[in-house]
Structure formats: structure tokens, C-alpha cells
Amino acid sequence: MQISVIIPAYNEEGVIADTIKEIRGFLQDNFESFEIVVVDDKSTDSTLNIIQSLADVRAVKNIKNHGKGYSVAKGVKVAKGDLILFMDADNSTRIVELQKFLPQIKDYPIVIGSRGLKDSDVQIKQNFIKAFLGKAGNMLIRILVAPRISDTQCGFKLFTKESKYLFDKLTIERWGFDFELIFLARKYSLKIKEVPVVWRNNFDSKVTWLGYVSTLLQVFKVRLNNILGKYN
């Protein structure tokens, strides 16, 4: 199988069907074989029912709510593709951006979307508080766990199947898993390519300002885990 697309979903009944429709159309036009894996993180709305009713979708459900990191890792573990992309259910970064990634994956086992590069196009911005917390958090992340990476948190990342083992080493189940993943890639000497993307903020995002604070604290967890040898 050429590619697996992993979508973590929590209470996305308003957008998930349209997102999958767009993804399916793109994959049908550009790949001979593909799978779409949607991991429902114990939604309290009709998200699970919707994804179970859609053609060409493999629905995976969590028995309890764990978080985005847990859901992505669960989807990656069942993925069969030679390439594995995970992206957000709200379509903040659209599947068409994958066209920029495919030439890069030949030389880099990990290609990540970025809102922080010169050619990135952030079309709908976050409110002031989230934008401020995001910039402060990005600075801390770059200092402590991901130097020279402009944006660790964009939810659009492509991997080769040979790098799947990184997901088995994750300890963070929620939003901080992105920078933990990049830290692990660097630790295991896997090359990372950062690619500018078009990104639109979703004002119905599940990330609260308290979520930003708790995620920043997870930066120190990554550093401590490394000191204690949990990633060895």
C-alpha cells in the first residue's frame, strides 16, 4: 500500500465528512492504493457514527478519551502504508499540501508542515491570547527540545514506514506529542525536513489556553524522560 492517512478526531461531527471527502478525492487522483484511518477519541457527538458510515474509511475507536497523541500513535500502529501522513480533522492544512512533501520524502524519512517558515501562508490567524501563548511556547520548545525547527505543532506530518517505531516510544498522549516525536527523531538521527504550508485557524479548535500551558509543561517532561533514559 502506498499511503495511509491518519486522522485523530474528537467531536468533529460538523466537519469530518467533508474533510474525508476531500482527502479521498485527492488520494484517488494521486495514488494507486491508499487507506484512510480515523481514530475517534471517545467523541460525545455523532463523529463515530459518521466515520463508520463512510466508504473507504477504517474507523478505530478509543474506549476512553486519551488525547491527540495517543490517537495518532494508535492509528500509525495499524497503518499499512509505505508512507504515513497524519493530519487534523478540521482540515486546517488541506491534503493538497501533500504535493509539496512527496518530493522531499525521498531524502528525508520525516517531512513536517510548518507555519513558521518564510513561505508559509497563515490565512486565518488565531486570537491574540492563543497567538501569544503559541509564540512563547514555540520559543521554549525550540530552546529545550527542537532547535532549528520553526514549528513543531502543525498537525500535518509525513513519515516513512521505517520510522514508525518512534511512535512506540511516545509517552505524551495529548498535544505535546508533536515535539516529543521530533525530539525522538533527532535522538535516533532521523533527518527531518520542514516544509511551508497553507494553514487556516479553526476557531472551534479543541485546544484551550489552559491546554497551551499544560502542553508547555510537557516540554520539561521530555527533557526529564531523556535524562532518566526512558527513550533508550
# chains A, B, ... in the order shown; residues from 1 in each chain; ligands from 1

$ residues_around --residues "Asn232 in chain A" --least-positions-apart "2" --cutoff "12 Å" --atoms "only C-alpha atoms" --output "VMD selection string"
chain A and resid 166 168 to 170 184 187 to 188 225 to 230

$ write_last_selection --atoms "C-alpha atoms" --output "tab-separated table (two decimals), in the first residue's frame"
chain	number	residue	atom	x	y	z
A	166	LEU	CA	9.22	6.31	17.05
A	168	ASP	CA	6.06	3.23	20.19
A	169	LYS	CA	8.37	5.40	22.29
A	170	LEU	CA	5.93	8.27	22.86
A	184	LEU	CA	12.89	11.32	19.37
A	187	LYS	CA	17.77	11.40	19.15
A	188	TYR	CA	17.69	8.49	16.71
A	225	ASN	CA	12.47	11.43	30.26
A	226	ASN	CA	15.69	11.73	28.31
A	227	ILE	CA	17.78	12.24	31.43
A	228	LEU	CA	16.16	9.17	33.04
A	229	GLY	CA	16.85	7.06	29.97
A	230	LYS	CA	13.19	6.40	29.11

$ select_by_dssp --residues "range 132-169 of chain A" --states "strand (DSSP E or B)" --output "count of residues only"
4

$ atom_distance --atom1 "CA of Trp175 in chain A" --atom2 "CA of Asp88 in chain A"
12.1 Å

$ select_by_dssp --residues "range 7-218 of chain A" --states "helix (DSSP H, G or I)" --output "PDB file with N, CA and C atoms, in the first residue's frame"
ATOM      1  N   ILE A  16     -16.060  16.421   9.746  1.00  0.00           N
ATOM      2  CA  ILE A  16     -15.304  15.214   9.410  1.00  0.00           C
ATOM      3  C   ILE A  16     -15.685  14.635   8.058  1.00  0.00           C
ATOM      4  N   ALA A  17     -16.950  14.636   7.709  1.00  0.00           N
ATOM      5  CA  ALA A  17     -17.375  14.050   6.436  1.00  0.00           C
ATOM      6  C   ALA A  17     -16.789  14.829   5.258  1.00  0.00           C
ATOM      7  N   ASP A  18     -16.811  16.151   5.325  1.00  0.00           N
ATOM      8  CA  ASP A  18     -16.262  16.972   4.238  1.00  0.00           C
ATOM      9  C   ASP A  18     -14.744  16.806   4.139  1.00  0.00           C
ATOM     10  N   THR A  19     -14.079  16.730   5.283  1.00  0.00           N
ATOM     11  CA  THR A  19     -12.630  16.535   5.285  1.00  0.00           C
ATOM     12  C   THR A  19     -12.270  15.220   4.606  1.00  0.00           C
ATOM     13  N   ILE A  20     -12.965  14.159   4.971  1.00  0.00           N
ATOM     14  CA  ILE A  20     -12.673  12.849   4.385  1.00  0.00           C
ATOM     15  C   ILE A  20     -12.999  12.814   2.899  1.00  0.00           C
ATOM     16  N   LYS A  21     -14.071  13.463   2.504  1.00  0.00           N
ATOM     17  CA  LYS A  21     -14.422  13.518   1.084  1.00  0.00           C
ATOM     18  C   LYS A  21     -13.304  14.157   0.274  1.00  0.00           C
ATOM     19  N   GLU A  22     -12.765  15.247   0.788  1.00  0.00           N
ATOM     20  CA  GLU A  22     -11.679  15.933   0.087  1.00  0.00           C
ATOM     21  C   GLU A  22     -10.427  15.065   0.046  1.00  0.00           C
ATOM     22  N   ILE A  23     -10.109  14.418   1.165  1.00  0.00           N
ATOM     23  CA  ILE A  23      -8.934  13.543   1.221  1.00  0.00           C
ATOM     24  C   ILE A  23      -9.084  12.385   0.246  1.00  0.00           C
ATOM     25  N   ARG A  24     -10.232  11.758   0.249  1.00  0.00           N
ATOM     26  CA  ARG A  24     -10.469  10.614  -0.634  1.00  0.00           C
ATOM     27  C   ARG A  24     -10.286  11.001  -2.101  1.00  0.00           C
ATOM     28  N   GLY A  25     -10.831  12.144  -2.483  1.00  0.00           N
ATOM     29  CA  GLY A  25     -10.703  12.588  -3.860  1.00  0.00           C
ATOM     30  C   GLY A  25      -9.256  12.808  -4.267  1.00  0.00           C
ATOM     31  N   PHE A  26      -8.495  13.427  -3.385  1.00  0.00           N
ATOM     32  CA  PHE A  26      -7.079  13.677  -3.682  1.00  0.00           C
ATOM     33  C   PHE A  26      -6.316  12.366  -3.799  1.00  0.00           C
ATOM     34  N   LEU A  27      -6.541  11.452  -2.876  1.00  0.00           N
ATOM     35  CA  LEU A  27      -5.814  10.184  -2.897  1.00  0.00           C
ATOM     36  C   LEU A  27      -6.170   9.355  -4.122  1.00  0.00           C
ATOM     37  N   GLN A  28      -7.427   9.355  -4.505  1.00  0.00           N
ATOM     38  CA  GLN A  28      -7.838   8.611  -5.699  1.00  0.00           C
ATOM     39  C   GLN A  28      -7.159   9.139  -6.957  1.00  0.00           C
ATOM     40  N   ASP A  29      -6.907  10.435  -6.997  1.00  0.00           N
ATOM     41  CA  ASP A  29      -6.285  11.052  -8.162  1.00  0.00           C
ATOM     42  C   ASP A  29      -4.767  10.897  -8.192  1.00  0.00           C
ATOM     43  N   ASN A  30      -4.162  10.615  -7.037  1.00  0.00           N
ATOM     44  CA  ASN A  30      -2.706  10.674  -6.953  1.00  0.00           C
ATOM     45  C   ASN A  30      -2.015   9.394  -6.489  1.00  0.00           C
ATOM     46  N   THR A  47     -19.642  11.817  15.804  1.00  0.00           N
ATOM     47  CA  THR A  47     -18.452  11.628  14.974  1.00  0.00           C
ATOM     48  C   THR A  47     -18.220  10.164  14.619  1.00  0.00           C
ATOM     49  N   LEU A  48     -18.273   9.293  15.603  1.00  0.00           N
ATOM     50  CA  LEU A  48     -18.003   7.875  15.358  1.00  0.00           C
ATOM     51  C   LEU A  48     -19.011   7.284  14.381  1.00  0.00           C
ATOM     52  N   ASN A  49     -20.276   7.600  14.560  1.00  0.00           N
ATOM     53  CA  ASN A  49     -21.301   7.079  13.657  1.00  0.00           C
ATOM     54  C   ASN A  49     -21.067   7.541  12.224  1.00  0.00           C
ATOM     55  N   ILE A  50     -20.633   8.774  12.077  1.00  0.00           N
ATOM     56  CA  ILE A  50     -20.387   9.316  10.740  1.00  0.00           C
ATOM     57  C   ILE A  50     -19.238   8.582  10.058  1.00  0.00           C
ATOM     58  N   ILE A  51     -18.122   8.438  10.755  1.00  0.00           N
ATOM     59  CA  ILE A  51     -16.964   7.812  10.112  1.00  0.00           C
ATOM     60  C   ILE A  51     -17.217   6.329   9.834  1.00  0.00           C
ATOM     61  N   GLN A  52     -18.013   5.697  10.660  1.00  0.00           N
ATOM     62  CA  GLN A  52     -18.343   4.290  10.417  1.00  0.00           C
ATOM     63  C   GLN A  52     -19.247   4.116   9.202  1.00  0.00           C
ATOM     64  N   SER A  53     -19.935   5.177   8.817  1.00  0.00           N
ATOM     65  CA  SER A  53     -20.861   5.100   7.682  1.00  0.00           C
ATOM     66  C   SER A  53     -20.208   5.456   6.349  1.00  0.00           C
ATOM     67  N   LYS A  68      -4.876  13.608  21.550  1.00  0.00           N
ATOM     68  CA  LYS A  68      -4.458  13.546  20.153  1.00  0.00           C
ATOM     69  C   LYS A  68      -3.239  12.653  19.954  1.00  0.00           C
ATOM     70  N   GLY A  69      -2.253  12.776  20.831  1.00  0.00           N
ATOM     71  CA  GLY A  69      -1.036  11.984  20.680  1.00  0.00           C
ATOM     72  C   GLY A  69      -1.299  10.493  20.733  1.00  0.00           C
ATOM     73  N   TYR A  70      -2.100  10.075  21.679  1.00  0.00           N
ATOM     74  CA  TYR A  70      -2.462   8.661  21.810  1.00  0.00           C
ATOM     75  C   TYR A  70      -3.196   8.185  20.566  1.00  0.00           C
ATOM     76  N   SER A  71      -4.122   9.006  20.081  1.00  0.00           N
ATOM     77  CA  SER A  71      -4.935   8.626  18.928  1.00  0.00           C
ATOM     78  C   SER A  71      -4.099   8.520  17.656  1.00  0.00           C
ATOM     79  N   VAL A  72      -3.190   9.474  17.445  1.00  0.00           N
ATOM     80  CA  VAL A  72      -2.316   9.398  16.280  1.00  0.00           C
ATOM     81  C   VAL A  72      -1.447   8.144  16.338  1.00  0.00           C
ATOM     82  N   ALA A  73      -0.849   7.895  17.498  1.00  0.00           N
ATOM     83  CA  ALA A  73       0.016   6.721  17.647  1.00  0.00           C
ATOM     84  C   ALA A  73      -0.761   5.431  17.402  1.00  0.00           C
ATOM     85  N   LYS A  74      -1.989   5.377  17.880  1.00  0.00           N
ATOM     86  CA  LYS A  74      -2.824   4.188  17.672  1.00  0.00           C
ATOM     87  C   LYS A  74      -3.107   3.988  16.189  1.00  0.00           C
ATOM     88  N   GLY A  75      -3.393   5.072  15.490  1.00  0.00           N
ATOM     89  CA  GLY A  75      -3.637   4.973  14.058  1.00  0.00           C
ATOM     90  C   GLY A  75      -2.396   4.552  13.293  1.00  0.00           C
ATOM     91  N   VAL A  76      -1.254   5.103  13.662  1.00  0.00           N
ATOM     92  CA  VAL A  76       0.003   4.763  12.987  1.00  0.00           C
ATOM     93  C   VAL A  76       0.325   3.282  13.168  1.00  0.00           C
ATOM     94  N   LYS A  77       0.062   2.748  14.341  1.00  0.00           N
ATOM     95  CA  LYS A  77       0.400   1.343  14.614  1.00  0.00           C
ATOM     96  C   LYS A  77      -0.389   0.376  13.745  1.00  0.00           C
ATOM     97  N   VAL A  78      -1.598   0.745  13.338  1.00  0.00           N
ATOM     98  CA  VAL A  78      -2.399  -0.156  12.496  1.00  0.00           C
ATOM     99  C   VAL A  78      -2.245   0.174  11.009  1.00  0.00           C
ATOM    100  N   ILE A  95      -5.236  18.484   2.372  1.00  0.00           N
ATOM    101  CA  ILE A  95      -4.493  17.353   1.823  1.00  0.00           C
ATOM    102  C   ILE A  95      -3.674  17.737   0.586  1.00  0.00           C
ATOM    103  N   VAL A  96      -4.083  18.749  -0.145  1.00  0.00           N
ATOM    104  CA  VAL A  96      -3.351  19.159  -1.345  1.00  0.00           C
ATOM    105  C   VAL A  96      -1.923  19.576  -1.020  1.00  0.00           C
ATOM    106  N   GLU A  97      -1.661  19.979   0.242  1.00  0.00           N
ATOM    107  CA  GLU A  97      -0.310  20.356   0.647  1.00  0.00           C
ATOM    108  C   GLU A  97       0.662  19.178   0.553  1.00  0.00           C
ATOM    109  N   LEU A  98       0.128  17.969   0.537  1.00  0.00           N
ATOM    110  CA  LEU A  98       0.966  16.774   0.450  1.00  0.00           C
ATOM    111  C   LEU A  98       1.825  16.780  -0.807  1.00  0.00           C
ATOM    112  N   GLN A  99       1.374  17.468  -1.845  1.00  0.00           N
ATOM    113  CA  GLN A  99       2.143  17.532  -3.091  1.00  0.00           C
ATOM    114  C   GLN A  99       3.538  18.113  -2.873  1.00  0.00           C
ATOM    115  N   LYS A 100       3.667  19.012  -1.900  1.00  0.00           N
ATOM    116  CA  LYS A 100       4.972  19.606  -1.595  1.00  0.00           C
ATOM    117  C   LYS A 100       5.872  18.631  -0.841  1.00  0.00           C
ATOM    118  N   PHE A 101       5.265  17.663  -0.159  1.00  0.00           N
ATOM    119  CA  PHE A 101       6.003  16.756   0.715  1.00  0.00           C
ATOM    120  C   PHE A 101       6.603  15.575  -0.029  1.00  0.00           C
ATOM    121  N   GLN A 104      10.182  15.484  -1.155  1.00  0.00           N
ATOM    122  CA  GLN A 104      11.122  15.550  -0.044  1.00  0.00           C
ATOM    123  C   GLN A 104      11.288  14.205   0.675  1.00  0.00           C
ATOM    124  N   ILE A 105      10.240  13.383   0.681  1.00  0.00           N
ATOM    125  CA  ILE A 105      10.278  12.138   1.441  1.00  0.00           C
ATOM    126  C   ILE A 105      11.278  11.146   0.861  1.00  0.00           C
ATOM    127  N   LYS A 106      11.745  11.387  -0.366  1.00  0.00           N
ATOM    128  CA  LYS A 106      12.760  10.525  -0.967  1.00  0.00           C
ATOM    129  C   LYS A 106      14.099  10.647  -0.238  1.00  0.00           C
ATOM    130  N   PHE A 128      -5.539  36.790  19.907  1.00  0.00           N
ATOM    131  CA  PHE A 128      -4.300  37.328  20.479  1.00  0.00           C
ATOM    132  C   PHE A 128      -3.718  36.425  21.557  1.00  0.00           C
ATOM    133  N   ILE A 129      -4.557  35.931  22.454  1.00  0.00           N
ATOM    134  CA  ILE A 129      -4.055  35.121  23.574  1.00  0.00           C
ATOM    135  C   ILE A 129      -3.409  33.843  23.070  1.00  0.00           C
ATOM    136  N   LYS A 130      -4.106  33.136  22.177  1.00  0.00           N
ATOM    137  CA  LYS A 130      -3.547  31.889  21.650  1.00  0.00           C
ATOM    138  C   LYS A 130      -2.286  32.154  20.832  1.00  0.00           C
ATOM    139  N   ALA A 131      -2.291  33.242  20.069  1.00  0.00           N
ATOM    140  CA  ALA A 131      -1.114  33.568  19.267  1.00  0.00           C
ATOM    141  C   ALA A 131       0.084  33.870  20.165  1.00  0.00           C
ATOM    142  N   PHE A 132      -0.149  34.626  21.247  1.00  0.00           N
ATOM    143  CA  PHE A 132       0.938  34.955  22.177  1.00  0.00           C
ATOM    144  C   PHE A 132       1.477  33.702  22.859  1.00  0.00           C
ATOM    145  N   LEU A 133       0.555  32.864  23.365  1.00  0.00           N
ATOM    146  CA  LEU A 133       0.980  31.635  24.030  1.00  0.00           C
ATOM    147  C   LEU A 133       1.700  30.707  23.055  1.00  0.00           C
ATOM    148  N   GLY A 134       1.224  30.691  21.818  1.00  0.00           N
ATOM    149  CA  GLY A 134       1.863  29.857  20.809  1.00  0.00           C
ATOM    150  C   GLY A 134       3.292  30.282  20.528  1.00  0.00           C
ATOM    151  N   LYS A 135       3.515  31.598  20.410  1.00  0.00           N
ATOM    152  CA  LYS A 135       4.861  32.101  20.145  1.00  0.00           C
ATOM    153  C   LYS A 135       5.784  31.855  21.333  1.00  0.00           C
ATOM    154  N   ALA A 136       5.269  32.083  22.538  1.00  0.00           N
ATOM    155  CA  ALA A 136       6.081  31.843  23.734  1.00  0.00           C
ATOM    156  C   ALA A 136       6.426  30.365  23.855  1.00  0.00           C
ATOM    157  N   GLY A 137       5.421  29.525  23.601  1.00  0.00           N
ATOM    158  CA  GLY A 137       5.657  28.093  23.677  1.00  0.00           C
ATOM    159  C   GLY A 137       6.635  27.618  22.627  1.00  0.00           C
ATOM    160  N   ASN A 138       6.531  28.167  21.425  1.00  0.00           N
ATOM    161  CA  ASN A 138       7.429  27.775  20.355  1.00  0.00           C
ATOM    162  C   ASN A 138       8.873  28.113  20.696  1.00  0.00           C
ATOM    163  N   MET A 139       9.068  29.251  21.333  1.00  0.00           N
ATOM    164  CA  MET A 139      10.419  29.648  21.732  1.00  0.00           C
ATOM    165  C   MET A 139      10.995  28.661  22.740  1.00  0.00           C
ATOM    166  N   LEU A 140      10.171  28.271  23.726  1.00  0.00           N
ATOM    167  CA  LEU A 140      10.619  27.320  24.749  1.00  0.00           C
ATOM    168  C   LEU A 140      10.911  25.957  24.129  1.00  0.00           C
ATOM    169  N   ILE A 141      10.039  25.522  23.237  1.00  0.00           N
ATOM    170  CA  ILE A 141      10.225  24.228  22.575  1.00  0.00           C
ATOM    171  C   ILE A 141      11.524  24.211  21.781  1.00  0.00           C
ATOM    172  N   ARG A 142      11.786  25.307  21.060  1.00  0.00           N
ATOM    173  CA  ARG A 142      12.996  25.367  20.236  1.00  0.00           C
ATOM    174  C   ARG A 142      14.251  25.363  21.102  1.00  0.00           C
ATOM    175  N   ILE A 143      14.189  25.988  22.251  1.00  0.00           N
ATOM    176  CA  ILE A 143      15.359  26.036  23.128  1.00  0.00           C
ATOM    177  C   ILE A 143      15.632  24.674  23.762  1.00  0.00           C
ATOM    178  N   LEU A 144      14.576  23.993  24.209  1.00  0.00           N
ATOM    179  CA  LEU A 144      14.768  22.804  25.031  1.00  0.00           C
ATOM    180  C   LEU A 144      14.698  21.472  24.289  1.00  0.00           C
ATOM    181  N   LYS A 161       7.414   4.295   6.576  1.00  0.00           N
ATOM    182  CA  LYS A 161       7.059   3.210   7.493  1.00  0.00           C
ATOM    183  C   LYS A 161       8.244   2.769   8.338  1.00  0.00           C
ATOM    184  N   GLU A 162       9.470   3.010   7.843  1.00  0.00           N
ATOM    185  CA  GLU A 162      10.657   2.632   8.606  1.00  0.00           C
ATOM    186  C   GLU A 162      10.819   3.448   9.883  1.00  0.00           C
ATOM    187  N   SER A 163      10.148   4.590   9.963  1.00  0.00           N
ATOM    188  CA  SER A 163      10.265   5.434  11.162  1.00  0.00           C
ATOM    189  C   SER A 163       9.089   5.256  12.123  1.00  0.00           C
ATOM    190  N   TYR A 165       8.598   3.158  14.352  1.00  0.00           N
ATOM    191  CA  TYR A 165       8.992   2.751  15.705  1.00  0.00           C
ATOM    192  C   TYR A 165       9.039   3.927  16.674  1.00  0.00           C
ATOM    193  N   LEU A 166       9.192   5.138  16.166  1.00  0.00           N
ATOM    194  CA  LEU A 166       9.217   6.308  17.048  1.00  0.00           C
ATOM    195  C   LEU A 166       7.925   6.431  17.849  1.00  0.00           C
ATOM    196  N   PHE A 167       6.802   6.062  17.232  1.00  0.00           N
ATOM    197  CA  PHE A 167       5.504   6.210  17.891  1.00  0.00           C
ATOM    198  C   PHE A 167       5.346   5.258  19.072  1.00  0.00           C
ATOM    199  N   ASP A 168       6.099   4.161  19.064  1.00  0.00           N
ATOM    200  CA  ASP A 168       6.064   3.227  20.193  1.00  0.00           C
ATOM    201  C   ASP A 168       6.764   3.802  21.413  1.00  0.00           C
ATOM    202  N   PHE A 177       2.751  15.673  22.136  1.00  0.00           N
ATOM    203  CA  PHE A 177       3.372  14.541  21.450  1.00  0.00           C
ATOM    204  C   PHE A 177       4.144  14.982  20.210  1.00  0.00           C
ATOM    205  N   ASP A 178       3.736  16.086  19.579  1.00  0.00           N
ATOM    206  CA  ASP A 178       4.416  16.542  18.365  1.00  0.00           C
ATOM    207  C   ASP A 178       5.883  16.837  18.625  1.00  0.00           C
ATOM    208  N   PHE A 179       6.170  17.626  19.658  1.00  0.00           N
ATOM    209  CA  PHE A 179       7.576  17.958  19.898  1.00  0.00           C
ATOM    210  C   PHE A 179       8.329  16.784  20.516  1.00  0.00           C
ATOM    211  N   GLU A 180       7.619  15.892  21.220  1.00  0.00           N
ATOM    212  CA  GLU A 180       8.276  14.682  21.714  1.00  0.00           C
ATOM    213  C   GLU A 180       8.710  13.812  20.528  1.00  0.00           C
ATOM    214  N   LEU A 181       7.863  13.724  19.521  1.00  0.00           N
ATOM    215  CA  LEU A 181       8.161  12.942  18.327  1.00  0.00           C
ATOM    216  C   LEU A 181       9.383  13.497  17.603  1.00  0.00           C
ATOM    217  N   ILE A 182       9.447  14.805  17.480  1.00  0.00           N
ATOM    218  CA  ILE A 182      10.585  15.424  16.809  1.00  0.00           C
ATOM    219  C   ILE A 182      11.864  15.247  17.630  1.00  0.00           C
ATOM    220  N   PHE A 183      11.737  15.353  18.949  1.00  0.00           N
ATOM    221  CA  PHE A 183      12.893  15.104  19.816  1.00  0.00           C
ATOM    222  C   PHE A 183      13.408  13.683  19.617  1.00  0.00           C
ATOM    223  N   LEU A 184      12.496  12.721  19.564  1.00  0.00           N
ATOM    224  CA  LEU A 184      12.888  11.323  19.371  1.00  0.00           C
ATOM    225  C   LEU A 184      13.548  11.108  18.013  1.00  0.00           C
ATOM    226  N   ALA A 185      13.005  11.749  16.983  1.00  0.00           N
ATOM    227  CA  ALA A 185      13.600  11.616  15.653  1.00  0.00           C
ATOM    228  C   ALA A 185      15.043  12.109  15.663  1.00  0.00           C
ATOM    229  N   ARG A 186      15.260  13.233  16.305  1.00  0.00           N
ATOM    230  CA  ARG A 186      16.613  13.773  16.396  1.00  0.00           C
ATOM    231  C   ARG A 186      17.512  12.831  17.214  1.00  0.00           C
ATOM    232  N   LYS A 187      16.995  12.296  18.287  1.00  0.00           N
ATOM    233  CA  LYS A 187      17.771  11.402  19.147  1.00  0.00           C
ATOM    234  C   LYS A 187      18.224  10.168  18.381  1.00  0.00           C
ATOM    235  N   TRP A 209      -6.706  27.780  26.156  1.00  0.00           N
ATOM    236  CA  TRP A 209      -5.473  28.440  26.601  1.00  0.00           C
ATOM    237  C   TRP A 209      -4.834  27.663  27.736  1.00  0.00           C
ATOM    238  N   LEU A 210      -5.640  26.979  28.554  1.00  0.00           N
ATOM    239  CA  LEU A 210      -5.069  26.117  29.591  1.00  0.00           C
ATOM    240  C   LEU A 210      -4.334  24.943  28.971  1.00  0.00           C
ATOM    241  N   GLY A 211      -4.834  24.496  27.813  1.00  0.00           N
ATOM    242  CA  GLY A 211      -4.158  23.429  27.100  1.00  0.00           C
ATOM    243  C   GLY A 211      -2.771  23.837  26.645  1.00  0.00           C
ATOM    244  N   TYR A 212      -2.625  25.099  26.260  1.00  0.00           N
ATOM    245  CA  TYR A 212      -1.312  25.598  25.876  1.00  0.00           C
ATOM    246  C   TYR A 212      -0.348  25.531  27.058  1.00  0.00           C
ATOM    247  N   VAL A 213      -0.819  25.927  28.233  1.00  0.00           N
ATOM    248  CA  VAL A 213       0.029  25.935  29.424  1.00  0.00           C
ATOM    249  C   VAL A 213       0.457  24.519  29.791  1.00  0.00           C
ATOM    250  N   SER A 214      -0.497  23.584  29.816  1.00  0.00           N
ATOM    251  CA  SER A 214      -0.160  22.207  30.180  1.00  0.00           C
ATOM    252  C   SER A 214       0.778  21.582  29.158  1.00  0.00           C
ATOM    253  N   THR A 215       0.604  21.955  27.889  1.00  0.00           N
ATOM    254  CA  THR A 215       1.489  21.432  26.852  1.00  0.00           C
ATOM    255  C   THR A 215       2.914  21.920  27.049  1.00  0.00           C
ATOM    256  N   LEU A 216       3.058  23.182  27.441  1.00  0.00           N
ATOM    257  CA  LEU A 216       4.403  23.712  27.681  1.00  0.00           C
ATOM    258  C   LEU A 216       5.103  22.979  28.823  1.00  0.00           C
ATOM    259  N   LEU A 217       4.346  22.576  29.821  1.00  0.00           N
ATOM    260  CA  LEU A 217       4.945  21.830  30.930  1.00  0.00           C
ATOM    261  C   LEU A 217       5.472  20.480  30.456  1.00  0.00           C
ATOM    262  N   GLN A 218       4.877  19.961  29.383  1.00  0.00           N
ATOM    263  CA  GLN A 218       5.328  18.671  28.867  1.00  0.00           C
ATOM    264  C   GLN A 218       6.697  18.764  28.200  1.00  0.00           C
TER     265      GLN A 218
END

$ atom_distance --atom1 "CA of Val198 in chain A" --atom2 "CA of Ala146 in chain A"
21.9 Å

$ closest_residue --among "A:Asp121, A:Asp90, A:Asp107, A:Asp45" --to "Thr160 in chain A" --atoms "only C-alpha atoms"
A:Asp107

$ closest_residue --among "A:Pro196, A:Val60, A:Glu13, A:Lys42" --to "Lys118 in chain A" --atoms "only C-alpha atoms"
A:Pro196

$ residues_around --residues "Ile7 in chain A" --least-positions-apart "5" --cutoff "8 Å" --atoms "only C-alpha atoms" --output "list in words"
Ile36, Val37, Val38, Val39, Val72, Gly75, Phe86, Met87, Asp88 and Ala89 of chain A

$ closest_residue --among "A:Arg200, A:Lys164, A:Arg94, A:Arg174" --to "His66 in chain A" --atoms "only C-alpha atoms"
A:Arg174

$ closest_residue --among "A:Asp41, A:Val145, A:Gly155, A:Trp199" --to "Phe220 in chain A" --atoms "only C-alpha atoms"
A:Val145

$ closest_residue --among "A:Ser33, A:Asn62, A:Gln153, A:Ser4" --to "Gly81 in chain A" --atoms "only C-alpha atoms"
A:Ser4

$ atom_distance --atom1 "CA of Ile110 in chain A" --atom2 "CA of Lys191 in chain A"
6.5 Å

$ closest_residue --among "A:Ile3, A:Glu32, A:Leu158, A:Leu54" --to "Tyr108 in chain A" --atoms "only C-alpha atoms"
A:Leu158
